[in-house]
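File shown: upload.pdb (PDB, C-alpha atoms, pLDDT in the B column).
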```
MODEL        1
ATOM      1  CA  MET B   1    -187.894 180.157 185.225  1.00 59.00           C
ATOM      2  CA  PHE B   2    -184.413 181.571 185.381  1.00 86.00           C
ATOM      3  CA  ALA B   3    -181.947 182.429 188.089  1.00 94.00           C
ATOM      4  CA  VAL B   4    -178.809 184.542 187.835  1.00 96.00           C
ATOM      5  CA  ASP B   5    -175.958 183.647 190.167  1.00 96.00           C
ATOM      6  CA  LEU B   6    -174.886 186.656 192.251  1.00 96.00           C
ATOM      7  CA  GLY B   7    -172.064 184.800 194.009  1.00 94.00           C
ATOM      8  CA  ASP B   8    -171.811 183.778 197.655  1.00 92.00           C
ATOM      9  CA  GLY B   9    -174.786 181.407 197.286  1.00 94.00           C
ATOM     10  CA  ALA B  10    -177.158 184.204 196.225  1.00 97.00           C
ATOM     11  CA  GLN B  11    -179.428 184.322 193.184  1.00 97.00           C
ATOM     12  CA  LEU B  12    -181.539 186.894 191.364  1.00 98.00           C
ATOM     13  CA  ARG B  13    -184.913 185.563 190.166  1.00 97.00           C
ATOM     14  CA  PRO B  14    -188.205 187.012 188.939  1.00 97.00           C
ATOM     15  CA  LEU B  15    -190.500 187.847 191.851  1.00 98.00           C
ATOM     16  CA  GLU B  16    -193.817 186.514 190.592  1.00 97.00           C
ATOM     17  CA  PRO B  17    -197.342 186.682 192.087  1.00 98.00           C
ATOM     18  CA  TRP B  18    -197.330 183.014 193.102  1.00 97.00           C
ATOM     19  CA  ARG B  19    -194.585 183.925 195.583  1.00 98.00           C
ATOM     20  CA  ALA B  20    -196.886 186.301 197.514  1.00 98.00           C
ATOM     21  CA  GLY B  21    -196.652 184.313 200.764  1.00 98.00           C
ATOM     22  CA  GLU B  22    -192.874 184.144 200.626  1.00 98.00           C
ATOM     23  CA  PHE B  23    -192.736 187.865 199.756  1.00 98.00           C
ATOM     24  CA  LEU B  24    -194.971 188.750 202.721  1.00 98.00           C
ATOM     25  CA  ALA B  25    -192.839 186.648 205.105  1.00 98.00           C
ATOM     26  CA  HIS B  26    -189.733 188.432 203.808  1.00 98.00           C
ATOM     27  CA  ILE B  27    -191.296 191.878 204.271  1.00 98.00           C
ATOM     28  CA  ASP B  28    -192.423 190.888 207.781  1.00 98.00           C
ATOM     29  CA  ARG B  29    -188.837 189.875 208.697  1.00 97.00           C
ATOM     30  CA  GLY B  30    -187.457 193.211 207.523  1.00 96.00           C
ATOM     31  CA  ARG B  31    -190.466 195.499 208.005  1.00 96.00           C
ATOM     32  CA  GLU B  32    -188.784 198.045 210.302  1.00 96.00           C
ATOM     33  CA  PHE B  33    -185.431 198.012 208.512  1.00 96.00           C
ATOM     34  CA  ILE B  34    -186.885 198.242 205.005  1.00 96.00           C
ATOM     35  CA  GLY B  35    -189.455 200.833 206.056  1.00 95.00           C
ATOM     36  CA  ARG B  36    -186.883 203.358 207.269  1.00 94.00           C
ATOM     37  CA  TYR B  37    -186.694 204.812 203.751  1.00 93.00           C
ATOM     38  CA  VAL B  38    -188.861 202.666 201.477  1.00 92.00           C
ATOM     39  CA  GLY B  39    -192.670 202.568 201.514  1.00 94.00           C
ATOM     40  CA  LEU B  40    -192.890 198.902 200.522  1.00 96.00           C
ATOM     41  CA  PRO B  41    -193.775 197.644 204.032  1.00 96.00           C
ATOM     42  CA  ASP B  42    -196.669 200.113 204.143  1.00 97.00           C
ATOM     43  CA  LEU B  43    -198.059 198.612 200.912  1.00 97.00           C
ATOM     44  CA  VAL B  44    -197.472 194.924 201.699  1.00 98.00           C
ATOM     45  CA  THR B  45    -199.294 194.206 204.954  1.00 98.00           C
ATOM     46  CA  ASP B  46    -201.111 190.911 204.342  1.00 98.00           C
ATOM     47  CA  LEU B  47    -201.332 188.134 201.760  1.00 98.00           C
ATOM     48  CA  GLU B  48    -203.842 189.984 199.583  1.00 98.00           C
ATOM     49  CA  SER B  49    -201.784 193.181 199.419  1.00 98.00           C
ATOM     50  CA  SER B  50    -198.646 191.118 198.768  1.00 98.00           C
ATOM     51  CA  ARG B  51    -200.306 189.367 195.843  1.00 98.00           C
ATOM     52  CA  THR B  52    -201.731 192.663 194.537  1.00 98.00           C
ATOM     53  CA  TYR B  53    -198.295 194.307 194.644  1.00 98.00           C
ATOM     54  CA  LEU B  54    -196.639 191.448 192.768  1.00 98.00           C
ATOM     55  CA  LEU B  55    -199.517 191.320 190.261  1.00 98.00           C
ATOM     56  CA  SER B  56    -198.984 195.006 189.516  1.00 98.00           C
ATOM     57  CA  TYR B  57    -195.402 194.200 188.529  1.00 98.00           C
ATOM     58  CA  ALA B  58    -196.478 191.176 186.482  1.00 98.00           C
ATOM     59  CA  GLU B  59    -198.735 193.574 184.569  1.00 98.00           C
ATOM     60  CA  ARG B  60    -195.878 196.055 184.169  1.00 98.00           C
ATOM     61  CA  ALA B  61    -193.618 193.288 182.864  1.00 97.00           C
ATOM     62  CA  ALA B  62    -196.320 192.251 180.367  1.00 97.00           C
ATOM     63  CA  ALA B  63    -196.661 195.882 179.257  1.00 98.00           C
ATOM     64  CA  ASP B  64    -192.856 196.346 179.244  1.00 97.00           C
ATOM     65  CA  THR B  65    -193.133 199.231 181.719  1.00 98.00           C
ATOM     66  CA  GLY B  66    -191.388 197.749 184.783  1.00 98.00           C
ATOM     67  CA  ARG B  67    -189.820 194.665 186.362  1.00 98.00           C
ATOM     68  CA  ILE B  68    -189.330 193.204 189.831  1.00 98.00           C
ATOM     69  CA  HIS B  69    -186.788 190.563 190.871  1.00 98.00           C
ATOM     70  CA  GLY B  70    -186.025 188.983 194.205  1.00 98.00           C
ATOM     71  CA  ILE B  71    -182.666 188.258 195.751  1.00 98.00           C
ATOM     72  CA  TRP B  72    -182.448 184.827 197.361  1.00 98.00           C
ATOM     73  CA  SER B  73    -179.614 183.841 199.682  1.00 97.00           C
ATOM     74  CA  GLY B  74    -179.374 180.357 201.122  1.00 94.00           C
ATOM     75  CA  GLY B  75    -182.741 179.592 199.517  1.00 94.00           C
ATOM     76  CA  GLN B  76    -184.510 182.451 201.333  1.00 97.00           C
ATOM     77  CA  LEU B  77    -185.865 185.663 199.817  1.00 98.00           C
ATOM     78  CA  VAL B  78    -183.835 188.488 201.409  1.00 98.00           C
ATOM     79  CA  GLY B  79    -184.365 191.493 199.136  1.00 98.00           C
ATOM     80  CA  GLY B  80    -185.037 192.704 195.658  1.00 98.00           C
ATOM     81  CA  VAL B  81    -184.408 195.104 192.841  1.00 98.00           C
ATOM     82  CA  LEU B  82    -186.855 196.637 190.446  1.00 98.00           C
ATOM     83  CA  LEU B  83    -187.402 198.923 187.555  1.00 98.00           C
ATOM     84  CA  ARG B  84    -190.147 200.955 189.167  1.00 97.00           C
ATOM     85  CA  THR B  85    -190.823 202.673 185.871  1.00 97.00           C
ATOM     86  CA  MET B  86    -189.591 201.896 182.390  1.00 98.00           C
ATOM     87  CA  ASP B  87    -190.345 203.846 179.241  1.00 98.00           C
ATOM     88  CA  VAL B  88    -188.592 202.029 176.411  1.00 97.00           C
ATOM     89  CA  ARG B  89    -189.837 204.457 173.770  1.00 97.00           C
ATOM     90  CA  ASN B  90    -188.170 207.382 175.558  1.00 98.00           C
ATOM     91  CA  GLY B  91    -185.274 205.246 176.784  1.00 98.00           C
ATOM     92  CA  SER B  92    -185.635 205.889 180.503  1.00 98.00           C
ATOM     93  CA  ALA B  93    -186.190 203.832 183.634  1.00 98.00           C
ATOM     94  CA  GLU B  94    -186.061 204.257 187.394  1.00 98.00           C
ATOM     95  CA  ALA B  95    -184.323 201.530 189.377  1.00 98.00           C
ATOM     96  CA  GLY B  96    -184.762 200.782 193.058  1.00 97.00           C
ATOM     97  CA  CYS B  97    -184.004 198.213 195.728  1.00 97.00           C
ATOM     98  CA  TRP B  98    -184.740 196.937 199.220  1.00 97.00           C
ATOM     99  CA  LEU B  99    -183.067 194.445 201.549  1.00 96.00           C
ATOM    100  CA  GLU B 100    -183.775 192.839 204.893  1.00 95.00           C
ATOM    101  CA  PRO B 101    -181.159 193.302 207.641  1.00 95.00           C
ATOM    102  CA  SER B 102    -179.809 189.727 207.501  1.00 93.00           C
ATOM    103  CA  ALA B 103    -178.464 190.365 203.982  1.00 95.00           C
ATOM    104  CA  ALA B 104    -177.134 193.906 204.387  1.00 94.00           C
ATOM    105  CA  GLY B 105    -173.489 194.738 203.780  1.00 94.00           C
ATOM    106  CA  ARG B 106    -172.728 191.834 201.410  1.00 95.00           C
ATOM    107  CA  GLY B 107    -172.925 193.680 198.083  1.00 96.00           C
ATOM    108  CA  LEU B 108    -176.015 191.758 196.977  1.00 97.00           C
ATOM    109  CA  VAL B 109    -177.994 194.824 195.924  1.00 97.00           C
ATOM    110  CA  THR B 110    -175.100 196.249 193.919  1.00 97.00           C
ATOM    111  CA  ARG B 111    -174.558 192.953 192.084  1.00 97.00           C
ATOM    112  CA  ALA B 112    -178.296 192.506 191.469  1.00 97.00           C
ATOM    113  CA  CYS B 113    -178.632 196.075 190.180  1.00 97.00           C
ATOM    114  CA  ARG B 114    -175.764 195.499 187.773  1.00 97.00           C
ATOM    115  CA  VAL B 115    -177.660 192.541 186.270  1.00 97.00           C
ATOM    116  CA  LEU B 116    -180.883 194.562 186.018  1.00 97.00           C
ATOM    117  CA  ILE B 117    -179.187 197.622 184.492  1.00 97.00           C
ATOM    118  CA  ASP B 118    -177.204 195.440 182.073  1.00 97.00           C
ATOM    119  CA  TRP B 119    -180.504 193.933 180.915  1.00 97.00           C
ATOM    120  CA  ALA B 120    -182.324 197.292 180.652  1.00 98.00           C
ATOM    121  CA  ILE B 121    -179.532 198.894 178.630  1.00 97.00           C
ATOM    122  CA  GLY B 122    -178.357 195.879 176.648  1.00 96.00           C
ATOM    123  CA  GLU B 123    -181.645 194.116 175.921  1.00 96.00           C
ATOM    124  CA  ARG B 124    -184.274 196.844 176.074  1.00 97.00           C
ATOM    125  CA  GLY B 125    -182.209 199.756 174.797  1.00 97.00           C
ATOM    126  CA  VAL B 126    -182.802 202.010 177.788  1.00 98.00           C
ATOM    127  CA  HIS B 127    -180.540 205.056 177.612  1.00 98.00           C
ATOM    128  CA  ARG B 128    -180.986 206.548 181.100  1.00 98.00           C
ATOM    129  CA  ILE B 129    -181.390 204.771 184.430  1.00 98.00           C
ATOM    130  CA  GLU B 130    -182.426 206.957 187.374  1.00 98.00           C
ATOM    131  CA  TRP B 131    -182.009 206.246 191.071  1.00 98.00           C
ATOM    132  CA  ARG B 132    -184.130 208.365 193.423  1.00 97.00           C
ATOM    133  CA  VAL B 133    -183.204 208.139 197.075  1.00 97.00           C
ATOM    134  CA  SER B 134    -183.834 209.927 200.354  1.00 96.00           C
ATOM    135  CA  SER B 135    -180.833 212.084 201.257  1.00 96.00           C
ATOM    136  CA  ALA B 136    -180.847 210.285 204.623  1.00 95.00           C
ATOM    137  CA  ASN B 137    -180.465 206.821 203.046  1.00 96.00           C
ATOM    138  CA  ALA B 138    -176.666 206.489 203.059  1.00 96.00           C
ATOM    139  CA  PRO B 139    -176.586 202.765 202.091  1.00 96.00           C
ATOM    140  CA  SER B 140    -178.681 203.381 198.955  1.00 97.00           C
ATOM    141  CA  ILE B 141    -176.578 206.400 198.014  1.00 98.00           C
ATOM    142  CA  ALA B 142    -173.496 204.183 198.359  1.00 97.00           C
ATOM    143  CA  VAL B 143    -175.063 201.710 195.897  1.00 97.00           C
ATOM    144  CA  ALA B 144    -175.639 204.525 193.389  1.00 98.00           C
ATOM    145  CA  ARG B 145    -171.960 205.489 193.716  1.00 97.00           C
ATOM    146  CA  ARG B 146    -170.771 201.886 193.311  1.00 96.00           C
ATOM    147  CA  LEU B 147    -172.910 201.622 190.174  1.00 97.00           C
ATOM    148  CA  GLY B 148    -171.053 204.601 188.711  1.00 96.00           C
ATOM    149  CA  MET B 149    -174.064 206.896 188.812  1.00 97.00           C
ATOM    150  CA  THR B 150    -173.817 210.677 188.826  1.00 98.00           C
ATOM    151  CA  ARG B 151    -175.613 212.758 191.431  1.00 98.00           C
ATOM    152  CA  GLU B 152    -177.701 215.254 189.497  1.00 98.00           C
ATOM    153  CA  GLY B 153    -179.281 217.165 192.327  1.00 98.00           C
ATOM    154  CA  VAL B 154    -181.678 217.259 195.242  1.00 97.00           C
ATOM    155  CA  LEU B 155    -185.433 217.674 195.076  1.00 96.00           C
ATOM    156  CA  ARG B 156    -185.874 219.528 198.366  1.00 96.00           C
ATOM    157  CA  ASP B 157    -188.799 218.458 200.573  1.00 96.00           C
ATOM    158  CA  SER B 158    -190.307 216.723 197.539  1.00 94.00           C
ATOM    159  CA  TYR B 159    -191.508 213.475 199.099  1.00 91.00           C
ATOM    160  CA  LEU B 160    -193.915 213.155 202.010  1.00 91.00           C
ATOM    161  CA  TYR B 161    -193.048 209.922 203.806  1.00 91.00           C
ATOM    162  CA  ARG B 162    -194.848 208.890 206.968  1.00 91.00           C
ATOM    163  CA  GLY B 163    -195.807 212.483 207.691  1.00 91.00           C
ATOM    164  CA  GLN B 164    -192.355 213.990 207.175  1.00 93.00           C
ATOM    165  CA  ARG B 165    -190.970 215.797 204.149  1.00 95.00           C
ATOM    166  CA  GLN B 166    -187.890 214.159 202.628  1.00 94.00           C
ATOM    167  CA  ASP B 167    -185.220 215.550 200.347  1.00 96.00           C
ATOM    168  CA  ILE B 168    -184.807 213.205 197.386  1.00 97.00           C
ATOM    169  CA  GLU B 169    -181.500 212.902 195.563  1.00 98.00           C
ATOM    170  CA  VAL B 170    -181.586 212.095 191.864  1.00 98.00           C
ATOM    171  CA  TRP B 171    -178.746 209.945 190.549  1.00 98.00           C
ATOM    172  CA  SER B 172    -178.403 208.502 187.049  1.00 98.00           C
ATOM    173  CA  VAL B 173    -176.253 206.579 184.646  1.00 98.00           C
ATOM    174  CA  LEU B 174    -176.446 206.852 180.862  1.00 98.00           C
ATOM    175  CA  ALA B 175    -175.919 203.926 178.507  1.00 97.00           C
ATOM    176  CA  PRO B 176    -172.568 205.224 177.128  1.00 96.00           C
ATOM    177  CA  GLU B 177    -171.286 205.653 180.695  1.00 95.00           C
ATOM    178  CA  TRP B 178    -172.484 202.192 181.700  1.00 95.00           C
ATOM    179  CA  VAL B 179    -170.394 200.534 179.013  1.00 71.00           C
ATOM    180  CA  THR B 180    -167.291 201.861 180.767  1.00 55.00           C
ATOM    181  CA  SER B 181    -168.568 201.324 184.326  1.00 51.00           C
ATOM    182  CA  PRO B 182    -166.598 198.932 186.538  1.00 52.00           C
TER
ENDMDL
END
```
Take the structure in the file and write it out as structure tokens.
Amino acid sequence: MFAVDLGDGAQLRPLEPWRAGEFLAHIDRGREFIGRYVGLPDLVTDLESSRTYLLSYAERAAADTGRIHGIWSGGQLVGGVLLRTMDVRNGSAEAGCWLEPSAAGRGLVTRACRVLIDWAIGERGVHRIEWRVSSANAPSIAVARRLGMTREGVLRDSYLYRGQRQDIEVWSVLAPEWVTSP
């Protein structure tokens, strides 16, 4: 098992299926906050669905098509980052994140995403990292900006979330740009 120090007593670690109970407790603590823009709380509702969700990412990791990592602060799971999709052959991936309210505003997601993107580009040879985000999700858009991503456009009314159509912004960073990112 590995852990990457994110500073301020926080760590980034793999979020594995055996942590399903801890993952569920974390989602329960942040269910409303996380669910404002991210469908994760709708998928993880009990221990079985928590385990199933984490197993799906274990299978993606084994197939080299995705990854999921948790952010721990003070020994407690408070958020995570993931490569929702990853196509090494074509050199593309889609990154994402979530965070419970107790950890918001500390830069944890930005630092964790930097580690994940560094790995995807440096170790797996991914050329393009996408970030898809609801136009209403200002904190996530701010992360994309801090990561040096470029806003490519808006997919108008493209995502039906909890019965309402959402505009989705597409942001990205390319490997040559990442090398020079702050």
Can you tell me, as an NGL selection string, what residues are no more than 9 Å from Leu24 (chain B) when counting all atoms listed in the file, ignoring any on the same chain fewer than 5 positions away? :B and (19 or 29 or 44-47 or 49-51)
Find the smallest box with edges along x, y and z containing every listed atom of region 149-167 of chain B, then add 4 Å on each side and report centre and edge lengths in Å to one decimal, as JSON.
```
{"center_x": -184.8, "center_y": 213.2, "center_z": 198.3, "size_x": 30.0, "size_y": 20.6, "size_z": 26.9}
```
Report the residues retrieved by the PyMOL selection byres ((chain B and resi 139) around 12) from the displayed file, expressed as an mmCIF file with C-alpha atoms, in the coordinates of the input.
```
data_model
loop_
_atom_site.group_PDB
_atom_site.id
_atom_site.type_symbol
_atom_site.label_atom_id
_atom_site.label_comp_id
_atom_site.auth_asym_id
_atom_site.auth_seq_id
_atom_site.Cartn_x
_atom_site.Cartn_y
_atom_site.Cartn_z
ATOM 1 C CA PHE B 33 -185.431 198.012 208.512
ATOM 2 C CA ILE B 34 -186.885 198.242 205.005
ATOM 3 C CA ARG B 36 -186.883 203.358 207.269
ATOM 4 C CA TYR B 37 -186.694 204.812 203.751
ATOM 5 C CA CYS B 97 -184.004 198.213 195.728
ATOM 6 C CA TRP B 98 -184.740 196.937 199.220
ATOM 7 C CA LEU B 99 -183.067 194.445 201.549
ATOM 8 C CA PRO B 101 -181.159 193.302 207.641
ATOM 9 C CA ALA B 104 -177.134 193.906 204.387
ATOM 10 C CA GLY B 105 -173.489 194.738 203.780
ATOM 11 C CA ARG B 106 -172.728 191.834 201.410
ATOM 12 C CA GLY B 107 -172.925 193.680 198.083
ATOM 13 C CA VAL B 109 -177.994 194.824 195.924
ATOM 14 C CA THR B 110 -175.100 196.249 193.919
ATOM 15 C CA VAL B 133 -183.204 208.139 197.075
ATOM 16 C CA SER B 134 -183.834 209.927 200.354
ATOM 17 C CA SER B 135 -180.833 212.084 201.257
ATOM 18 C CA ALA B 136 -180.847 210.285 204.623
ATOM 19 C CA ASN B 137 -180.465 206.821 203.046
ATOM 20 C CA ALA B 138 -176.666 206.489 203.059
ATOM 21 C CA SER B 140 -178.681 203.381 198.955
ATOM 22 C CA ILE B 141 -176.578 206.400 198.014
ATOM 23 C CA ALA B 142 -173.496 204.183 198.359
ATOM 24 C CA VAL B 143 -175.063 201.710 195.897
ATOM 25 C CA ALA B 144 -175.639 204.525 193.389
ATOM 26 C CA ARG B 145 -171.960 205.489 193.716
ATOM 27 C CA ARG B 146 -170.771 201.886 193.311
#
```
Give me, please, the distance in Å between CA of Glu59 (chain B) and CA of Gly21 (chain B), quoted to one decimal. 18.8 Å
If you count all atoms listed in the file, which residues fall within 7 Å of region 75-87 of chain B, apart from same-chain ones fewer than 4 positions away, as a list in words? His26, Thr65, Gly66, Arg67, Ile68, His69, Gly70, Ile71, Gly91, Ser92, Ala93, Glu94, Ala95, Gly96, Cys97, Trp98, Leu99, Glu100, Ala103, Ala112 and Cys113 of chain B
Hey, can you spit out that residue selection with C-alpha atoms as a PDB file, in the frame of the given file?
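Once written, again.pdb looks like this:
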```pdb
ATOM      1  CA  HIS B  26    -189.733 188.432 203.808  1.00 98.00           C
ATOM      2  CA  THR B  65    -193.133 199.231 181.719  1.00 98.00           C
ATOM      3  CA  GLY B  66    -191.388 197.749 184.783  1.00 98.00           C
ATOM      4  CA  ARG B  67    -189.820 194.665 186.362  1.00 98.00           C
ATOM      5  CA  ILE B  68    -189.330 193.204 189.831  1.00 98.00           C
ATOM      6  CA  HIS B  69    -186.788 190.563 190.871  1.00 98.00           C
ATOM      7  CA  GLY B  70    -186.025 188.983 194.205  1.00 98.00           C
ATOM      8  CA  ILE B  71    -182.666 188.258 195.751  1.00 98.00           C
ATOM      9  CA  GLY B  91    -185.274 205.246 176.784  1.00 98.00           C
ATOM     10  CA  SER B  92    -185.635 205.889 180.503  1.00 98.00           C
ATOM     11  CA  ALA B  93    -186.190 203.832 183.634  1.00 98.00           C
ATOM     12  CA  GLU B  94    -186.061 204.257 187.394  1.00 98.00           C
ATOM     13  CA  ALA B  95    -184.323 201.530 189.377  1.00 98.00           C
ATOM     14  CA  GLY B  96    -184.762 200.782 193.058  1.00 97.00           C
ATOM     15  CA  CYS B  97    -184.004 198.213 195.728  1.00 97.00           C
ATOM     16  CA  TRP B  98    -184.740 196.937 199.220  1.00 97.00           C
ATOM     17  CA  LEU B  99    -183.067 194.445 201.549  1.00 96.00           C
ATOM     18  CA  GLU B 100    -183.775 192.839 204.893  1.00 95.00           C
ATOM     19  CA  ALA B 103    -178.464 190.365 203.982  1.00 95.00           C
ATOM     20  CA  ALA B 112    -178.296 192.506 191.469  1.00 97.00           C
ATOM     21  CA  CYS B 113    -178.632 196.075 190.180  1.00 97.00           C
TER      22      CYS B 113
END
```
Using the chain letters and numbers from the file, which residues does the PyMOL selection byres ((chain B and resi 125) around 10) grab, as a PDB file with C-alpha atoms, keeping the file's coordinate frame?
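Final output, selection.pdb:
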```
ATOM      1  CA  VAL B  88    -188.592 202.029 176.411  1.00 97.00           C
ATOM      2  CA  ARG B  89    -189.837 204.457 173.770  1.00 97.00           C
ATOM      3  CA  ASN B  90    -188.170 207.382 175.558  1.00 98.00           C
ATOM      4  CA  GLY B  91    -185.274 205.246 176.784  1.00 98.00           C
ATOM      5  CA  SER B  92    -185.635 205.889 180.503  1.00 98.00           C
ATOM      6  CA  ASP B 118    -177.204 195.440 182.073  1.00 97.00           C
ATOM      7  CA  TRP B 119    -180.504 193.933 180.915  1.00 97.00           C
ATOM      8  CA  ALA B 120    -182.324 197.292 180.652  1.00 98.00           C
ATOM      9  CA  ILE B 121    -179.532 198.894 178.630  1.00 97.00           C
ATOM     10  CA  GLY B 122    -178.357 195.879 176.648  1.00 96.00           C
ATOM     11  CA  GLU B 123    -181.645 194.116 175.921  1.00 96.00           C
ATOM     12  CA  ARG B 124    -184.274 196.844 176.074  1.00 97.00           C
ATOM     13  CA  VAL B 126    -182.802 202.010 177.788  1.00 98.00           C
ATOM     14  CA  HIS B 127    -180.540 205.056 177.612  1.00 98.00           C
ATOM     15  CA  ARG B 128    -180.986 206.548 181.100  1.00 98.00           C
ATOM     16  CA  ALA B 175    -175.919 203.926 178.507  1.00 97.00           C
TER      17      ALA B 175
END
```
Straight-line distance linking CA of Gln11 (chain B) with CA of Glu177 (chain B), stated in Å to one decimal: 26.0 Å
Residue members of the PyMOL selection byres ((chain B and resi 9) around 7) in the file shown, as a PyMOL selection string: chain B and resi 7-8+10-11+73-74
Output as a short mmCIF file (atom, residue, chain, number, x, y, z; two decimals), in the frame of the given file: region 85-92 of chain B, completed with all heavy atoms.
```cif
data_model
loop_
_atom_site.label_atom_id
_atom_site.label_comp_id
_atom_site.auth_asym_id
_atom_site.auth_seq_id
_atom_site.Cartn_x
_atom_site.Cartn_y
_atom_site.Cartn_z
N THR B 85 -190.24 202.19 187.12
CA THR B 85 -190.82 202.67 185.87
C THR B 85 -189.86 202.32 184.75
O THR B 85 -188.65 202.20 184.97
CB THR B 85 -191.04 204.20 185.87
OG1 THR B 85 -189.78 204.86 185.99
CG2 THR B 85 -191.95 204.63 187.01
N MET B 86 -190.42 202.15 183.56
CA MET B 86 -189.59 201.90 182.39
C MET B 86 -190.36 202.38 181.16
O MET B 86 -191.48 201.93 180.92
CB MET B 86 -189.27 200.41 182.27
CG MET B 86 -188.26 200.10 181.19
SD MET B 86 -187.63 198.40 181.23
CE MET B 86 -189.02 197.52 180.54
N ASP B 87 -189.75 203.30 180.45
CA ASP B 87 -190.34 203.85 179.24
C ASP B 87 -189.36 203.58 178.11
O ASP B 87 -188.45 204.38 177.87
CB ASP B 87 -190.60 205.35 179.42
CG ASP B 87 -191.27 206.00 178.23
OD1 ASP B 87 -191.25 205.41 177.13
OD2 ASP B 87 -191.78 207.12 178.39
N VAL B 88 -189.53 202.44 177.45
CA VAL B 88 -188.59 202.03 176.41
C VAL B 88 -188.59 203.02 175.25
O VAL B 88 -187.54 203.33 174.70
CB VAL B 88 -188.92 200.59 175.94
CG1 VAL B 88 -188.04 200.19 174.76
CG2 VAL B 88 -188.74 199.61 177.09
N ARG B 89 -189.75 203.51 174.89
CA ARG B 89 -189.84 204.46 173.77
C ARG B 89 -188.96 205.69 174.00
O ARG B 89 -188.27 206.16 173.10
CB ARG B 89 -191.28 204.87 173.57
CG ARG B 89 -191.47 205.79 172.40
CD ARG B 89 -192.93 206.01 172.11
NE ARG B 89 -193.05 207.05 171.09
CZ ARG B 89 -194.06 207.87 171.00
NH1 ARG B 89 -195.06 207.78 171.83
NH2 ARG B 89 -194.09 208.78 170.07
N ASN B 90 -188.99 206.21 175.23
CA ASN B 90 -188.17 207.38 175.56
C ASN B 90 -186.80 207.00 176.12
O ASN B 90 -185.97 207.88 176.38
CB ASN B 90 -188.91 208.29 176.54
CG ASN B 90 -190.05 209.02 175.87
OD1 ASN B 90 -189.85 209.62 174.81
ND2 ASN B 90 -191.23 208.96 176.45
N GLY B 91 -186.58 205.71 176.34
CA GLY B 91 -185.27 205.25 176.78
C GLY B 91 -184.92 205.57 178.21
O GLY B 91 -183.76 205.78 178.54
N SER B 92 -185.93 205.56 179.10
CA SER B 92 -185.64 205.89 180.50
C SER B 92 -186.28 204.87 181.44
O SER B 92 -187.29 204.26 181.12
CB SER B 92 -186.12 207.29 180.85
OG SER B 92 -187.53 207.36 180.70
#
```
